Amino acid sequence: MGVQMFNHRGPEFAALQGRLTEGLKKVFQTKNDLYILTTSGTGGMEAAVVNFFSPGDHILSVTIGVFGDRFASIAEKFGAKVTRVKAELGKAADPAAVRDALKTNPDVKGVLVTHNETSTGVTNDLEAIAREVKAAGKLLVVDAVSSLGSLNLPVDAWKCDVVVSGSQKGWMVPPGLAMVSVSAEAWAANAKAAMSRFYFDLGQAKQYAARNQTPWTPAISIMVALDVSLKMIEKEGIQQVFARHQRVADKTRKGLRDLGLSLLADPKNASNTVTAAKLPDGVKGEELLKVLRDEHDVVLGEGQGPLTGKIIRVGHLGWVPDEDIEGVFAALRKALPKVGFVPAGVK
Ligand SMILES: Cc1ncc(COP(=O)(O)O)c(C=O)c1O
């Protein structure tokens, strides 16, 4: 990232964007168009809504946590009529509930769904949900911010129309980029979509992409970093990357349970990128996270929204080797007794 800055209208940048787009398409497992936007994941989500819908459109939003709720709120802010399909926190969405909601709401134009809900550590069965959405002939818009690059998401095979990811997650680089893939069906919807947009106008991105440029000045340094991390992913092999995430996630879940903590996620849909553990009775999350950070240099996530003060979250996506996870267990063994909980096996 420390390379001498170069002109985003010049040949080095065009070559970089071309390489990144092709590399990302391989991991997205898609031949669809793909754009790199300079924004965070939420900006990518906004782009995925405002380019394909009009005010007044009826949208189904499958939400199982904070990020699903955010997707629904974005659509509402831009004037859509949103019907939510919800699941209990810690559970995945039921594909049959999506099917029923589509049957009772035939005027729905599209469905928003979170692949991996980072606030609860649950991965939705996107393949099954996608089958229902596409059988009903609706546009499928996916938040894959904390899944793509870590979990298998074959965009074309599952017929996902618009898929969003974010650089700071499985892609192993700093925050600042969102990636968005767009199917032919989504482009057809775009031709009629009237929601307001300017910075996030993917029509502009498409025009500039023809010469491997972006309409606005991009975060070149992060793109340089992504050039390196995509090579790492390619070298390891995408299937091996998925298998490593599975292995490290299994280790995380087992280690937390061995300490006597119970996990939030339904084991059938536990995420391979983030694990939420319930705080034992009487333990204050803030205090535990402070001891971990100040005394052990271990930074874990807190609960969000309704789970604030109820869980802690361990991220294990991207470059998280086994030793990092072992470090989390070692730190928890020492920190938990200080905040009122004696873990299993600690005297
Ligand atoms: C599933 C999911 N969606 C959306 C976002 C929002 O991304 P950002 O914070 O980069 O705007 C996040 C961030 O953690 C996320 O995990």
# chains A, B, ... in the order shown; residues from 1 in each chain; ligands from 1
$ residues_around --residues "range 329-342 of chain A" --least-positions-apart "5" --cutoff "12 Å" --atoms "only C-alpha atoms" --output "PyMOL selection string"
chain A and resi 251-261+277+279-300+312+314+322-324+347
$ residues_near_ligand --ligand "ligand 1" --cutoff "9 Å" --atoms "only C-alpha atoms and all ligand atoms" --output "ChimeraX atom specification"
/A:39-45,66-68,70-71,114-119,143-147,164-169,175-178
$ residues_around --residues "Trp158 in chain A" --least-positions-apart "5" --cutoff "10 Å" --atoms "only C-alpha atoms" --output "number ranges by chain"
A: 29, 126-131, 134, 140, 153
$ write_last_selection --atoms "C-alpha atoms" --output "mmCIF file, in the first residue's frame"
data_model
loop_
_atom_site.group_PDB
_atom_site.id
_atom_site.type_symbol
_atom_site.label_atom_id
_atom_site.label_comp_id
_atom_site.auth_asym_id
_atom_site.auth_seq_id
_atom_site.Cartn_x
_atom_site.Cartn_y
_atom_site.Cartn_z
ATOM 1 C CA GLN A 29 -17.666 -17.623 -9.296
ATOM 2 C CA LEU A 126 -28.608 -19.001 0.515
ATOM 3 C CA GLU A 127 -28.759 -21.780 -2.062
ATOM 4 C CA ALA A 128 -32.218 -22.864 -0.835
ATOM 5 C CA ILE A 129 -33.455 -19.270 -0.466
ATOM 6 C CA ALA A 130 -32.162 -18.424 -3.955
ATOM 7 C CA ARG A 131 -34.044 -21.388 -5.380
ATOM 8 C CA LYS A 134 -35.691 -17.436 -8.638
ATOM 9 C CA LEU A 140 -32.233 -11.640 -5.746
ATOM 10 C CA LEU A 153 -20.992 -18.539 -2.800
#
$ closest_residue --among "A:Ile238, A:Ala193, A:Ala15, A:Ala209" --to "Val49 in chain A" --atoms "only C-alpha atoms"
A:Ala193
$ residues_around --residues "Ala270 in chain A" --least-positions-apart "4" --cutoff "8 Å" --atoms "only C-alpha atoms" --output "ChimeraX atom specification"
/A:121-123,265-266,275
$ write_last_selection --atoms "all heavy atoms" --output "short mmCIF file (atom, residue, chain, number, x, y, z; two decimals), in the first residue's frame"
data_model
loop_
_atom_site.label_atom_id
_atom_site.label_comp_id
_atom_site.auth_asym_id
_atom_site.auth_seq_id
_atom_site.Cartn_x
_atom_site.Cartn_y
_atom_site.Cartn_z
N GLY A 121 -23.59 -14.46 13.93
CA GLY A 121 -22.75 -15.61 13.57
C GLY A 121 -23.55 -16.74 12.96
O GLY A 121 -23.32 -17.91 13.25
N VAL A 122 -24.50 -16.37 12.09
CA VAL A 122 -25.35 -17.37 11.43
C VAL A 122 -25.23 -17.20 9.91
O VAL A 122 -25.28 -16.09 9.40
CB VAL A 122 -26.82 -17.20 11.86
CG1 VAL A 122 -27.75 -18.07 11.01
CG2 VAL A 122 -26.99 -17.54 13.34
N THR A 123 -25.09 -18.35 9.21
CA THR A 123 -25.05 -18.31 7.75
C THR A 123 -26.38 -18.84 7.23
O THR A 123 -26.78 -19.97 7.55
CB THR A 123 -23.90 -19.19 7.22
OG1 THR A 123 -22.68 -18.74 7.82
CG2 THR A 123 -23.76 -19.07 5.71
N ALA A 265 -25.42 -19.36 17.97
CA ALA A 265 -25.96 -19.83 16.68
C ALA A 265 -26.48 -21.26 16.77
O ALA A 265 -25.89 -22.11 17.43
CB ALA A 265 -24.87 -19.75 15.61
N ASP A 266 -27.57 -21.48 16.07
CA ASP A 266 -28.06 -22.83 15.83
C ASP A 266 -26.92 -23.60 15.14
O ASP A 266 -26.42 -23.16 14.10
CB ASP A 266 -29.27 -22.68 14.89
CG ASP A 266 -29.94 -23.99 14.58
OD1 ASP A 266 -29.34 -25.04 14.83
OD2 ASP A 266 -31.07 -23.95 14.06
N THR A 275 -18.08 -16.23 15.27
CA THR A 275 -18.79 -17.03 16.28
C THR A 275 -19.19 -16.14 17.45
O THR A 275 -18.37 -15.41 17.99
CB THR A 275 -17.88 -18.17 16.80
OG1 THR A 275 -17.59 -19.03 15.70
CG2 THR A 275 -18.58 -18.98 17.91
#
$ select_by_dssp --residues "range 9-158 of chain A" --states "strand (DSSP E or B)" --output "PyMOL selection string"
chain A and resi 33-38+58-63+81-86+110-114+116-117+122-123+139-143+148+151
$ residues_around --residues "Asp107 in chain A" --least-positions-apart "2" --cutoff "9 Å" --atoms "only C-alpha atoms" --output "NGL selection string"
:A and (57-59 or 102 or 104-105 or 109)
$ atom_distance --atom1 "CA of Val50 in chain A" --atom2 "CA of Met195 in chain A"
5.2 Å
$ atom_distance --atom1 "CA of Leu263 in chain A" --atom2 "CA of Gly318 in chain A"
21.4 Å
$ residues_around --residues "Lys31 in chain A" --least-positions-apart "2" --cutoff "12 Å" --atoms "only C-alpha atoms" --output "ChimeraX atom specification"
/A:21-29,33-34,154-157,159-161,181-184
$ closest_atom_pairs --of "range 126-204 of chain A" --to "range 223-230 of chain A" --cutoff "7 Å" --atoms "only C-alpha atoms" --output "tab-separated table"
residue	atom	partner	partner_atom	distance
A:Trp171	CA	A:Ser229	CA	6.6
A:Met172	CA	A:Ser229	CA	6.5
A:Val173	CA	A:Ala225	CA	6.2
$ write_last_selection --atoms "C-alpha atoms" --output "short mmCIF file (atom, residue, chain, number, x, y, z; two decimals), in the first residue's frame"
data_model
loop_
_atom_site.label_atom_id
_atom_site.label_comp_id
_atom_site.auth_asym_id
_atom_site.auth_seq_id
_atom_site.Cartn_x
_atom_site.Cartn_y
_atom_site.Cartn_z
CA TRP A 171 -10.46 -10.14 1.41
CA MET A 172 -7.87 -9.39 4.11
CA VAL A 173 -7.32 -5.70 3.27
#
$ residues_around --residues "Val320 in chain A" --least-positions-apart "5" --cutoff "12 Å" --atoms "only C-alpha atoms" --output "PyMOL selection string"
chain A and resi 150+169-172+241+244-249+251-252+272-274+314-315+325-328
$ write_last_selection --atoms "N, CA and C atoms" --output "PDB file, in the first residue's frame"
ATOM      1  N   SER A 150     -14.566 -16.181   1.853  1.00  0.00           N
ATOM      2  CA  SER A 150     -14.361 -17.088   2.989  1.00  0.00           C
ATOM      3  C   SER A 150     -15.289 -18.300   2.909  1.00  0.00           C
ATOM      4  N   LYS A 169     -13.226  -7.683   5.086  1.00  0.00           N
ATOM      5  CA  LYS A 169     -13.601  -8.972   5.668  1.00  0.00           C
ATOM      6  C   LYS A 169     -12.694 -10.080   5.082  1.00  0.00           C
ATOM      7  N   GLY A 170     -13.275 -11.050   4.409  1.00  0.00           N
ATOM      8  CA  GLY A 170     -12.461 -12.176   3.921  1.00  0.00           C
ATOM      9  C   GLY A 170     -11.361 -11.777   2.947  1.00  0.00           C
ATOM     10  N   TRP A 171     -11.441 -10.567   2.428  1.00  0.00           N
ATOM     11  CA  TRP A 171     -10.462 -10.141   1.412  1.00  0.00           C
ATOM     12  C   TRP A 171      -9.153  -9.700   2.038  1.00  0.00           C
ATOM     13  N   MET A 172      -9.137  -9.567   3.372  1.00  0.00           N
ATOM     14  CA  MET A 172      -7.874  -9.386   4.108  1.00  0.00           C
ATOM     15  C   MET A 172      -7.184  -8.040   3.885  1.00  0.00           C
ATOM     16  N   VAL A 241      -9.218 -22.387   0.742  1.00  0.00           N
ATOM     17  CA  VAL A 241      -9.570 -21.233   1.596  1.00  0.00           C
ATOM     18  C   VAL A 241     -10.862 -21.545   2.360  1.00  0.00           C
ATOM     19  N   ARG A 244     -10.148 -24.112   5.054  1.00  0.00           N
ATOM     20  CA  ARG A 244      -9.421 -23.520   6.193  1.00  0.00           C
ATOM     21  C   ARG A 244     -10.409 -22.767   7.103  1.00  0.00           C
ATOM     22  N   HIS A 245     -11.322 -22.041   6.498  1.00  0.00           N
ATOM     23  CA  HIS A 245     -12.318 -21.334   7.317  1.00  0.00           C
ATOM     24  C   HIS A 245     -13.164 -22.323   8.122  1.00  0.00           C
ATOM     25  N   GLN A 246     -13.517 -23.434   7.503  1.00  0.00           N
ATOM     26  CA  GLN A 246     -14.308 -24.456   8.213  1.00  0.00           C
ATOM     27  C   GLN A 246     -13.506 -24.993   9.414  1.00  0.00           C
ATOM     28  N   ARG A 247     -12.233 -25.276   9.168  1.00  0.00           N
ATOM     29  CA  ARG A 247     -11.393 -25.867  10.215  1.00  0.00           C
ATOM     30  C   ARG A 247     -11.208 -24.884  11.380  1.00  0.00           C
ATOM     31  N   VAL A 248     -10.885 -23.641  11.055  1.00  0.00           N
ATOM     32  CA  VAL A 248     -10.650 -22.645  12.110  1.00  0.00           C
ATOM     33  C   VAL A 248     -11.956 -22.352  12.861  1.00  0.00           C
ATOM     34  N   ALA A 249     -13.083 -22.382  12.145  1.00  0.00           N
ATOM     35  CA  ALA A 249     -14.381 -22.150  12.799  1.00  0.00           C
ATOM     36  C   ALA A 249     -14.708 -23.302  13.748  1.00  0.00           C
ATOM     37  N   LYS A 251     -12.637 -25.182  15.245  1.00  0.00           N
ATOM     38  CA  LYS A 251     -11.741 -25.045  16.392  1.00  0.00           C
ATOM     39  C   LYS A 251     -12.252 -23.956  17.351  1.00  0.00           C
ATOM     40  N   THR A 252     -12.722 -22.855  16.792  1.00  0.00           N
ATOM     41  CA  THR A 252     -13.230 -21.758  17.621  1.00  0.00           C
ATOM     42  C   THR A 252     -14.435 -22.212  18.437  1.00  0.00           C
ATOM     43  N   ASN A 272     -18.948 -19.903   9.507  1.00  0.00           N
ATOM     44  CA  ASN A 272     -17.512 -20.217   9.507  1.00  0.00           C
ATOM     45  C   ASN A 272     -16.650 -18.963   9.478  1.00  0.00           C
ATOM     46  N   THR A 273     -17.278 -17.774   9.638  1.00  0.00           N
ATOM     47  CA  THR A 273     -16.456 -16.556   9.657  1.00  0.00           C
ATOM     48  C   THR A 273     -16.531 -15.797  10.977  1.00  0.00           C
ATOM     49  N   VAL A 274     -17.581 -16.036  11.754  1.00  0.00           N
ATOM     50  CA  VAL A 274     -17.695 -15.331  13.047  1.00  0.00           C
ATOM     51  C   VAL A 274     -18.507 -16.189  14.009  1.00  0.00           C
ATOM     52  N   VAL A 314     -16.225 -13.617  18.135  1.00  0.00           N
ATOM     53  CA  VAL A 314     -14.857 -13.874  17.687  1.00  0.00           C
ATOM     54  C   VAL A 314     -14.879 -13.916  16.160  1.00  0.00           C
ATOM     55  N   GLY A 315     -14.132 -13.037  15.542  1.00  0.00           N
ATOM     56  CA  GLY A 315     -14.033 -13.036  14.080  1.00  0.00           C
ATOM     57  C   GLY A 315     -12.945 -14.011  13.659  1.00  0.00           C
ATOM     58  N   ILE A 325      -6.412 -17.979  17.187  1.00  0.00           N
ATOM     59  CA  ILE A 325      -7.577 -18.516  17.895  1.00  0.00           C
ATOM     60  C   ILE A 325      -7.136 -19.116  19.230  1.00  0.00           C
ATOM     61  N   GLU A 326      -5.976 -19.792  19.208  1.00  0.00           N
ATOM     62  CA  GLU A 326      -5.464 -20.332  20.480  1.00  0.00           C
ATOM     63  C   GLU A 326      -5.167 -19.192  21.451  1.00  0.00           C
ATOM     64  N   GLY A 327      -4.689 -18.073  20.926  1.00  0.00           N
ATOM     65  CA  GLY A 327      -4.434 -16.886  21.752  1.00  0.00           C
ATOM     66  C   GLY A 327      -5.715 -16.357  22.391  1.00  0.00           C
ATOM     67  N   VAL A 328      -6.823 -16.449  21.650  1.00  0.00           N
ATOM     68  CA  VAL A 328      -8.120 -16.010  22.192  1.00  0.00           C
ATOM     69  C   VAL A 328      -8.504 -16.892  23.384  1.00  0.00           C
TER      70      VAL A 328
END
$ closest_residue --among "A:Lys86, A:Gly10, A:Arg99, A:Phe53" --to "Ile74 in chain A" --atoms "only C-alpha atoms"
A:Phe53
$ atom_distance --atom1 "CA of Leu317 in chain A" --atom2 "CA of Gly149 in chain A"
8.8 Å
$ select_by_dssp --residues "range 43-287 of chain A" --states "alpha helix (DSSP H)" --output "MDAnalysis selection string"
chainID A and resid 43:50 66:77 95:104 126:135 184:190 202:209 220:236 238:258 285:287
$ write_last_selection --atoms "C-alpha atoms" --output "mmCIF file, in the first residue's frame"
data_model
loop_
_atom_site.group_PDB
_atom_site.id
_atom_site.type_symbol
_atom_site.label_atom_id
_atom_site.label_comp_id
_atom_site.auth_asym_id
_atom_site.auth_seq_id
_atom_site.Cartn_x
_atom_site.Cartn_y
_atom_site.Cartn_z
ATOM 1 C CA GLY A 43 -22.334 1.854 0.473
ATOM 2 C CA GLY A 44 -22.300 -1.356 -1.583
ATOM 3 C CA MET A 45 -25.668 -2.303 -0.045
ATOM 4 C CA GLU A 46 -27.071 1.113 -0.938
ATOM 5 C CA ALA A 47 -25.804 0.692 -4.516
ATOM 6 C CA ALA A 48 -27.470 -2.742 -4.631
ATOM 7 C CA VAL A 49 -30.827 -1.187 -3.747
ATOM 8 C CA VAL A 50 -30.941 2.196 -5.511
ATOM 9 C CA VAL A 66 -28.643 -6.148 12.499
ATOM 10 C CA PHE A 67 -27.305 -6.280 8.948
ATOM 11 C CA GLY A 68 -30.527 -7.707 7.524
ATOM 12 C CA ASP A 69 -32.395 -4.900 9.295
ATOM 13 C CA ARG A 70 -29.987 -2.389 7.760
ATOM 14 C CA PHE A 71 -30.728 -3.685 4.242
ATOM 15 C CA ALA A 72 -34.480 -3.292 4.871
ATOM 16 C CA SER A 73 -33.959 0.239 6.258
ATOM 17 C CA ILE A 74 -31.950 1.334 3.216
ATOM 18 C CA ALA A 75 -34.765 0.196 0.902
ATOM 19 C CA GLU A 76 -37.349 2.002 3.074
ATOM 20 C CA LYS A 77 -35.312 5.217 3.132
ATOM 21 C CA PRO A 95 -36.573 -20.951 2.935
ATOM 22 C CA ALA A 96 -40.206 -22.165 3.190
ATOM 23 C CA ALA A 97 -41.119 -18.889 4.932
ATOM 24 C CA VAL A 98 -39.557 -17.008 1.998
ATOM 25 C CA ARG A 99 -41.594 -19.145 -0.428
ATOM 26 C CA ASP A 100 -44.813 -18.435 1.517
ATOM 27 C CA ALA A 101 -44.104 -14.710 1.699
ATOM 28 C CA LEU A 102 -43.537 -14.626 -2.065
ATOM 29 C CA LYS A 103 -46.833 -16.449 -2.606
ATOM 30 C CA THR A 104 -48.831 -14.084 -0.418
ATOM 31 C CA LEU A 126 -28.608 -19.001 0.515
ATOM 32 C CA GLU A 127 -28.759 -21.780 -2.062
ATOM 33 C CA ALA A 128 -32.218 -22.864 -0.835
ATOM 34 C CA ILE A 129 -33.455 -19.270 -0.466
ATOM 35 C CA ALA A 130 -32.162 -18.424 -3.955
ATOM 36 C CA ARG A 131 -34.044 -21.388 -5.380
ATOM 37 C CA GLU A 132 -37.325 -20.030 -3.975
ATOM 38 C CA VAL A 133 -36.655 -16.473 -5.108
ATOM 39 C CA LYS A 134 -35.691 -17.436 -8.638
ATOM 40 C CA ALA A 135 -38.555 -19.962 -8.946
ATOM 41 C CA ALA A 184 -28.158 -9.378 -16.978
ATOM 42 C CA GLU A 185 -31.551 -9.629 -15.251
ATOM 43 C CA ALA A 186 -30.445 -6.951 -12.794
ATOM 44 C CA TRP A 187 -29.383 -4.677 -15.654
ATOM 45 C CA ALA A 188 -32.854 -5.136 -17.182
ATOM 46 C CA ALA A 189 -34.350 -4.005 -13.835
ATOM 47 C CA ASN A 190 -31.874 -1.110 -13.768
ATOM 48 C CA LEU A 202 -23.743 1.724 -11.423
ATOM 49 C CA GLY A 203 -24.652 2.927 -14.910
ATOM 50 C CA GLN A 204 -21.744 5.369 -14.548
ATOM 51 C CA ALA A 205 -19.520 2.585 -13.195
ATOM 52 C CA LYS A 206 -20.390 0.480 -16.243
ATOM 53 C CA GLN A 207 -19.514 3.252 -18.698
ATOM 54 C CA TYR A 208 -16.139 3.905 -17.092
ATOM 55 C CA ALA A 209 -15.387 0.197 -16.644
ATOM 56 C CA ILE A 220 -5.998 3.205 -5.112
ATOM 57 C CA SER A 221 -3.930 2.067 -2.087
ATOM 58 C CA ILE A 222 -6.571 -0.423 -1.010
ATOM 59 C CA MET A 223 -6.830 -1.713 -4.551
ATOM 60 C CA VAL A 224 -3.055 -2.253 -4.536
ATOM 61 C CA ALA A 225 -3.474 -4.281 -1.346
ATOM 62 C CA LEU A 226 -6.314 -6.292 -2.883
ATOM 63 C CA ASP A 227 -4.016 -7.129 -5.803
ATOM 64 C CA VAL A 228 -1.758 -8.889 -3.274
ATOM 65 C CA SER A 229 -4.515 -10.625 -1.303
ATOM 66 C CA LEU A 230 -6.224 -11.951 -4.442
ATOM 67 C CA LYS A 231 -2.909 -13.515 -5.425
ATOM 68 C CA MET A 232 -2.730 -15.119 -1.960
ATOM 69 C CA ILE A 233 -6.245 -16.539 -2.396
ATOM 70 C CA GLU A 234 -5.426 -17.822 -5.881
ATOM 71 C CA LYS A 235 -2.193 -19.424 -4.664
ATOM 72 C CA GLU A 236 -3.897 -21.195 -1.752
ATOM 73 C CA ILE A 238 -10.401 -21.150 -3.279
ATOM 74 C CA GLN A 239 -11.567 -24.588 -2.091
ATOM 75 C CA GLN A 240 -8.642 -24.698 0.351
ATOM 76 C CA VAL A 241 -9.570 -21.233 1.596
ATOM 77 C CA PHE A 242 -13.126 -22.457 2.331
ATOM 78 C CA ALA A 243 -11.771 -25.599 4.028
ATOM 79 C CA ARG A 244 -9.421 -23.520 6.193
ATOM 80 C CA HIS A 245 -12.318 -21.334 7.317
ATOM 81 C CA GLN A 246 -14.308 -24.456 8.213
ATOM 82 C CA ARG A 247 -11.393 -25.867 10.215
ATOM 83 C CA VAL A 248 -10.650 -22.645 12.110
ATOM 84 C CA ALA A 249 -14.381 -22.150 12.799
ATOM 85 C CA ASP A 250 -14.720 -25.698 14.162
ATOM 86 C CA LYS A 251 -11.741 -25.045 16.392
ATOM 87 C CA THR A 252 -13.230 -21.758 17.621
ATOM 88 C CA ARG A 253 -16.598 -23.306 18.439
ATOM 89 C CA LYS A 254 -15.037 -26.256 20.257
ATOM 90 C CA GLY A 255 -12.626 -24.070 22.218
ATOM 91 C CA LEU A 256 -15.355 -21.698 23.396
ATOM 92 C CA ARG A 257 -17.619 -24.577 24.425
ATOM 93 C CA ASP A 258 -14.699 -26.232 26.244
ATOM 94 C CA GLY A 285 -19.366 -7.717 28.171
ATOM 95 C CA GLU A 286 -17.731 -4.284 28.308
ATOM 96 C CA GLU A 287 -15.528 -5.324 31.256
#
$ closest_residue --among "A:Val62, A:Pro106, A:Lys91, A:Asn212" --to "Val142 in chain A" --atoms "only C-alpha atoms"
A:Val62
$ closest_residue --among "A:Ile64, A:Val162, A:Leu112, A:Ile311" --to "Thr83 in chain A" --atoms "only C-alpha atoms"
A:Leu112
$ decode --residues "range 123-132 of chain A" --atoms "all heavy atoms" --output "PDB file, in the first residue's frame"
ATOM      1  N   THR A 123     -25.087 -18.345   9.213  1.00  0.00           N
ATOM      2  CA  THR A 123     -25.054 -18.314   7.753  1.00  0.00           C
ATOM      3  C   THR A 123     -26.382 -18.839   7.226  1.00  0.00           C
ATOM      4  O   THR A 123     -26.780 -19.966   7.554  1.00  0.00           O
ATOM      5  CB  THR A 123     -23.899 -19.190   7.217  1.00  0.00           C
ATOM      6  OG1 THR A 123     -22.683 -18.744   7.821  1.00  0.00           O
ATOM      7  CG2 THR A 123     -23.760 -19.072   5.711  1.00  0.00           C
ATOM      8  N   ASN A 124     -27.054 -18.031   6.436  1.00  0.00           N
ATOM      9  CA  ASN A 124     -28.308 -18.483   5.830  1.00  0.00           C
ATOM     10  C   ASN A 124     -28.054 -19.532   4.760  1.00  0.00           C
ATOM     11  O   ASN A 124     -26.979 -19.554   4.136  1.00  0.00           O
ATOM     12  CB  ASN A 124     -29.028 -17.289   5.175  1.00  0.00           C
ATOM     13  CG  ASN A 124     -29.945 -16.575   6.143  1.00  0.00           C
ATOM     14  OD1 ASN A 124     -30.623 -17.211   6.948  1.00  0.00           O
ATOM     15  ND2 ASN A 124     -29.956 -15.254   6.068  1.00  0.00           N
ATOM     16  N   ASP A 125     -29.032 -20.393   4.550  1.00  0.00           N
ATOM     17  CA  ASP A 125     -28.952 -21.364   3.451  1.00  0.00           C
ATOM     18  C   ASP A 125     -29.326 -20.616   2.171  1.00  0.00           C
ATOM     19  O   ASP A 125     -30.460 -20.688   1.690  1.00  0.00           O
ATOM     20  CB  ASP A 125     -29.909 -22.536   3.723  1.00  0.00           C
ATOM     21  CG  ASP A 125     -29.786 -23.622   2.662  1.00  0.00           C
ATOM     22  OD1 ASP A 125     -29.109 -23.380   1.640  1.00  0.00           O
ATOM     23  OD2 ASP A 125     -30.374 -24.692   2.855  1.00  0.00           O
ATOM     24  N   LEU A 126     -28.341 -19.877   1.661  1.00  0.00           N
ATOM     25  CA  LEU A 126     -28.608 -19.001   0.515  1.00  0.00           C
ATOM     26  C   LEU A 126     -29.014 -19.803  -0.720  1.00  0.00           C
ATOM     27  O   LEU A 126     -29.853 -19.358  -1.506  1.00  0.00           O
ATOM     28  CB  LEU A 126     -27.369 -18.132   0.234  1.00  0.00           C
ATOM     29  CG  LEU A 126     -27.515 -17.153  -0.917  1.00  0.00           C
ATOM     30  CD1 LEU A 126     -28.637 -16.150  -0.670  1.00  0.00           C
ATOM     31  CD2 LEU A 126     -26.204 -16.395  -1.139  1.00  0.00           C
ATOM     32  N   GLU A 127     -28.434 -20.973  -0.884  1.00  0.00           N
ATOM     33  CA  GLU A 127     -28.759 -21.780  -2.062  1.00  0.00           C
ATOM     34  C   GLU A 127     -30.265 -22.089  -2.076  1.00  0.00           C
ATOM     35  O   GLU A 127     -30.937 -21.928  -3.101  1.00  0.00           O
ATOM     36  CB  GLU A 127     -27.941 -23.078  -2.043  1.00  0.00           C
ATOM     37  CG  GLU A 127     -28.154 -23.913  -3.293  1.00  0.00           C
ATOM     38  CD  GLU A 127     -27.295 -25.163  -3.323  1.00  0.00           C
ATOM     39  OE1 GLU A 127     -26.705 -25.527  -2.281  1.00  0.00           O
ATOM     40  OE2 GLU A 127     -27.228 -25.789  -4.406  1.00  0.00           O
ATOM     41  N   ALA A 128     -30.795 -22.509  -0.917  1.00  0.00           N
ATOM     42  CA  ALA A 128     -32.218 -22.864  -0.835  1.00  0.00           C
ATOM     43  C   ALA A 128     -33.103 -21.615  -0.974  1.00  0.00           C
ATOM     44  O   ALA A 128     -34.140 -21.647  -1.652  1.00  0.00           O
ATOM     45  CB  ALA A 128     -32.502 -23.567   0.484  1.00  0.00           C
ATOM     46  N   ILE A 129     -32.674 -20.515  -0.360  1.00  0.00           N
ATOM     47  CA  ILE A 129     -33.455 -19.270  -0.466  1.00  0.00           C
ATOM     48  C   ILE A 129     -33.456 -18.791  -1.923  1.00  0.00           C
ATOM     49  O   ILE A 129     -34.491 -18.402  -2.470  1.00  0.00           O
ATOM     50  CB  ILE A 129     -32.890 -18.187   0.481  1.00  0.00           C
ATOM     51  CG1 ILE A 129     -33.091 -18.616   1.944  1.00  0.00           C
ATOM     52  CG2 ILE A 129     -33.535 -16.824   0.225  1.00  0.00           C
ATOM     53  CD1 ILE A 129     -32.387 -17.749   2.973  1.00  0.00           C
ATOM     54  N   ALA A 130     -32.292 -18.869  -2.558  1.00  0.00           N
ATOM     55  CA  ALA A 130     -32.162 -18.424  -3.955  1.00  0.00           C
ATOM     56  C   ALA A 130     -33.084 -19.238  -4.858  1.00  0.00           C
ATOM     57  O   ALA A 130     -33.715 -18.697  -5.776  1.00  0.00           O
ATOM     58  CB  ALA A 130     -30.708 -18.553  -4.413  1.00  0.00           C
ATOM     59  N   ARG A 131     -33.175 -20.526  -4.572  1.00  0.00           N
ATOM     60  CA  ARG A 131     -34.044 -21.388  -5.380  1.00  0.00           C
ATOM     61  C   ARG A 131     -35.491 -20.883  -5.320  1.00  0.00           C
ATOM     62  O   ARG A 131     -36.178 -20.800  -6.338  1.00  0.00           O
ATOM     63  CB  ARG A 131     -33.957 -22.824  -4.851  1.00  0.00           C
ATOM     64  CG  ARG A 131     -34.005 -23.863  -5.950  1.00  0.00           C
ATOM     65  CD  ARG A 131     -33.882 -25.288  -5.409  1.00  0.00           C
ATOM     66  NE  ARG A 131     -32.566 -25.623  -4.920  1.00  0.00           N
ATOM     67  CZ  ARG A 131     -32.297 -26.104  -3.693  1.00  0.00           C
ATOM     68  NH1 ARG A 131     -33.251 -26.299  -2.812  1.00  0.00           N
ATOM     69  NH2 ARG A 131     -31.061 -26.382  -3.353  1.00  0.00           N
ATOM     70  N   GLU A 132     -35.943 -20.520  -4.133  1.00  0.00           N
ATOM     71  CA  GLU A 132     -37.325 -20.030  -3.975  1.00  0.00           C
ATOM     72  C   GLU A 132     -37.512 -18.693  -4.701  1.00  0.00           C
ATOM     73  O   GLU A 132     -38.512 -18.480  -5.380  1.00  0.00           O
ATOM     74  CB  GLU A 132     -37.674 -19.842  -2.487  1.00  0.00           C
ATOM     75  CG  GLU A 132     -37.593 -21.105  -1.645  1.00  0.00           C
ATOM     76  CD  GLU A 132     -38.527 -22.217  -2.120  1.00  0.00           C
ATOM     77  OE1 GLU A 132     -39.470 -21.931  -2.882  1.00  0.00           O
ATOM     78  OE2 GLU A 132     -38.281 -23.377  -1.750  1.00  0.00           O
TER      79      GLU A 132
END
